[in-house]
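Student: Got a structure for you, questions after.
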Amino acid sequence: MSTPTDLPESEIPFLRDLVKATRQRTHVVPWTDRDGTRRQTALTTPENVKLTALAHQLHLSKTELLQRAAHIPAERPSRPPASS
């Protein structure tokens with residue numbers, strides 16, 4: 001089957017991965033955010049396998065691992081050096 005011509009070529013990998021992930025069975029992990037908000041994170045099978053392995057390595061539950069990860073500061077985009 002050919003790729004529809006009305007889709008941007010640069011976005012084909014993103015769209016393909018999105019559809020692939022949607023077709024997979026999701027795994028939902030409930031956890032509490034650092035502000036006390038109840039969250040649910042839906043994971044694809046590969047994400048669940050990786051999270052499970054990491055949690056096992058750290059001797060934590062997946063819920064506890066996500067709660068701890070909520071405290072990781074967001075990356076800020078680097079600003080280009082100011083020119084003078």
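Order determines the names: the first chain of the structure tokens is A, the second B, and so forth; residues in each chain are numbered 1 upward, and ligands are numbered 1 upward as they are shown.
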Let's see if you can do this: from backbone DSSP, list all helix (DSSP H, G or I) residues in chain A, as a VMD selection string.
Tutor: chain A and resid 9 to 23 45 to 57 62 to 69
Student: Just want the 7 Å neighbourhood of Gln24 in chain A, counted on only C-alpha atoms, with same-chain residues fewer than 2 positions away dropped. Output as a VMD selection string.
Tutor: chain A and resid 20 to 22 26 44 to 45
Student: Between CA of Arg16 in chain A and CA of Val49 in chain A, what is the distance, to one decimal in Å?
Tutor: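 These atoms are spaced 21.0 Å apart.
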Student: CA of Leu43 in chain A and CA of Phe14 in chain A, how far apart in Å?
Tutor: 16.8 Å
Student: Near range 73-84 of chain A, within 12 Å and counting only C-alpha atoms, which residues show up once chain neighbours fewer than 4 positions away are dropped, as a ChimeraX atom specification?
Tutor: /A:34,68-69
Student: Got time to write the residues from that selection, N, CA and C atoms, as a PDB file, in the first residue's frame?
Tutor:
```
ATOM      1  N   ARG A  34       3.460  14.834  42.544  1.00  0.00           N
ATOM      2  CA  ARG A  34       4.064  15.484  43.711  1.00  0.00           C
ATOM      3  C   ARG A  34       3.150  16.519  44.353  1.00  0.00           C
ATOM      4  N   ARG A  68       8.505   9.078  42.159  1.00  0.00           N
ATOM      5  CA  ARG A  68       9.846   9.659  42.307  1.00  0.00           C
ATOM      6  C   ARG A  68      10.264  10.421  41.051  1.00  0.00           C
ATOM      7  N   ALA A  69       9.898   9.891  39.896  1.00  0.00           N
ATOM      8  CA  ALA A  69      10.254  10.554  38.630  1.00  0.00           C
ATOM      9  C   ALA A  69       9.573  11.906  38.490  1.00  0.00           C
TER      10      ALA A  69
END
```
Student: Could you give me, as CSV, every range 52-73 of chain A residue with an atom at most 10 Å from range 36-41 of chain A, plus its closest atom pair and distance in Å to one decimal, counting only C-alpha atoms, rows ordered by chain then number?
Tutor:
```
residue,atom,partner,partner_atom,distance
A:Thr63,CA,A:Gln40,CA,9.6
A:Leu66,CA,A:Thr41,CA,8.9
A:Gln67,CA,A:Arg39,CA,9.7
```
Student: Restricting the output to N, CA and C atoms, write the selected residues as a PDB file, in the first residue's frame.
Tutor:
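Here's the written file out_5.pdb:
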```pdb
ATOM      1  N   THR A  63       4.510   2.257  40.479  1.00  0.00           N
ATOM      2  CA  THR A  63       3.849   3.443  41.031  1.00  0.00           C
ATOM      3  C   THR A  63       4.855   4.326  41.761  1.00  0.00           C
ATOM      4  N   LEU A  66       7.280   6.102  39.326  1.00  0.00           N
ATOM      5  CA  LEU A  66       6.696   7.277  38.664  1.00  0.00           C
ATOM      6  C   LEU A  66       6.549   8.439  39.637  1.00  0.00           C
ATOM      7  N   GLN A  67       6.204   8.140  40.895  1.00  0.00           N
ATOM      8  CA  GLN A  67       6.100   9.207  41.899  1.00  0.00           C
ATOM      9  C   GLN A  67       7.452   9.869  42.116  1.00  0.00           C
TER      10      GLN A  67
END
```
Student: List every residue of range 24-68 of chain A that DSSP, applied to the backbone of this structure, places in strand (DSSP E or B), and write the result as a PDB file with N, CA and C atoms, in the first residue's frame.
Tutor:
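Result file follows (part38.pdb):
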```pdb
ATOM      1  N   HIS A  27      -0.972  -0.555  29.084  1.00  0.00           N
ATOM      2  CA  HIS A  27      -0.856  -0.886  30.500  1.00  0.00           C
ATOM      3  C   HIS A  27      -0.975   0.426  31.258  1.00  0.00           C
ATOM      4  N   VAL A  28      -1.912   0.497  32.179  1.00  0.00           N
ATOM      5  CA  VAL A  28      -2.149   1.732  32.922  1.00  0.00           C
ATOM      6  C   VAL A  28      -1.553   1.604  34.323  1.00  0.00           C
ATOM      7  N   VAL A  29      -0.747   2.608  34.695  1.00  0.00           N
ATOM      8  CA  VAL A  29      -0.119   2.631  36.019  1.00  0.00           C
ATOM      9  C   VAL A  29      -0.668   3.844  36.769  1.00  0.00           C
ATOM     10  N   PRO A  30      -1.435   3.611  37.845  1.00  0.00           N
ATOM     11  CA  PRO A  30      -1.914   4.743  38.648  1.00  0.00           C
ATOM     12  C   PRO A  30      -0.824   5.196  39.629  1.00  0.00           C
ATOM     13  N   TRP A  31      -0.735   6.486  39.845  1.00  0.00           N
ATOM     14  CA  TRP A  31       0.244   7.026  40.777  1.00  0.00           C
ATOM     15  C   TRP A  31      -0.198   8.410  41.220  1.00  0.00           C
ATOM     16  N   THR A  32       0.465   8.960  42.219  1.00  0.00           N
ATOM     17  CA  THR A  32       0.132  10.277  42.747  1.00  0.00           C
ATOM     18  C   THR A  32       1.266  11.239  42.435  1.00  0.00           C
ATOM     19  N   ARG A  38      -3.982  12.668  41.568  1.00  0.00           N
ATOM     20  CA  ARG A  38      -3.968  11.276  41.109  1.00  0.00           C
ATOM     21  C   ARG A  38      -3.784  11.272  39.599  1.00  0.00           C
ATOM     22  N   ARG A  39      -2.852  10.483  39.124  1.00  0.00           N
ATOM     23  CA  ARG A  39      -2.553  10.375  37.696  1.00  0.00           C
ATOM     24  C   ARG A  39      -2.664   8.924  37.264  1.00  0.00           C
ATOM     25  N   GLN A  40      -2.850   8.729  35.974  1.00  0.00           N
ATOM     26  CA  GLN A  40      -2.790   7.408  35.369  1.00  0.00           C
ATOM     27  C   GLN A  40      -1.959   7.545  34.106  1.00  0.00           C
ATOM     28  N   THR A  41      -0.927   6.759  34.001  1.00  0.00           N
ATOM     29  CA  THR A  41      -0.065   6.794  32.833  1.00  0.00           C
ATOM     30  C   THR A  41      -0.313   5.538  32.009  1.00  0.00           C
ATOM     31  N   ALA A  42      -0.703   5.740  30.758  1.00  0.00           N
ATOM     32  CA  ALA A  42      -0.913   4.613  29.843  1.00  0.00           C
ATOM     33  C   ALA A  42       0.402   4.338  29.119  1.00  0.00           C
ATOM     34  N   LEU A  43       0.847   3.094  29.189  1.00  0.00           N
ATOM     35  CA  LEU A  43       2.121   2.697  28.601  1.00  0.00           C
ATOM     36  C   LEU A  43       1.891   1.689  27.486  1.00  0.00           C
TER      37      LEU A  43
END
```
Student: Nearest to Ala70 in chain A among A:Asp35, A:Asp6, A:Glu11, A:Arg25, with distances taken over only C-alpha atoms: which residue is it?
Tutor: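 Of A:Asp35, A:Asp6, A:Glu11, A:Arg25, the one nearest Ala70 in chain A, counting only C-alpha atoms, is A:Asp35.
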Student: May I ask for the distance between CA of Pro46 in chain A and CA of Leu18 in chain A, given in Å to one decimal place?
Tutor: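 Result for CA of Pro46 in chain A versus CA of Leu18 in chain A: 13.5 Å, one decimal.
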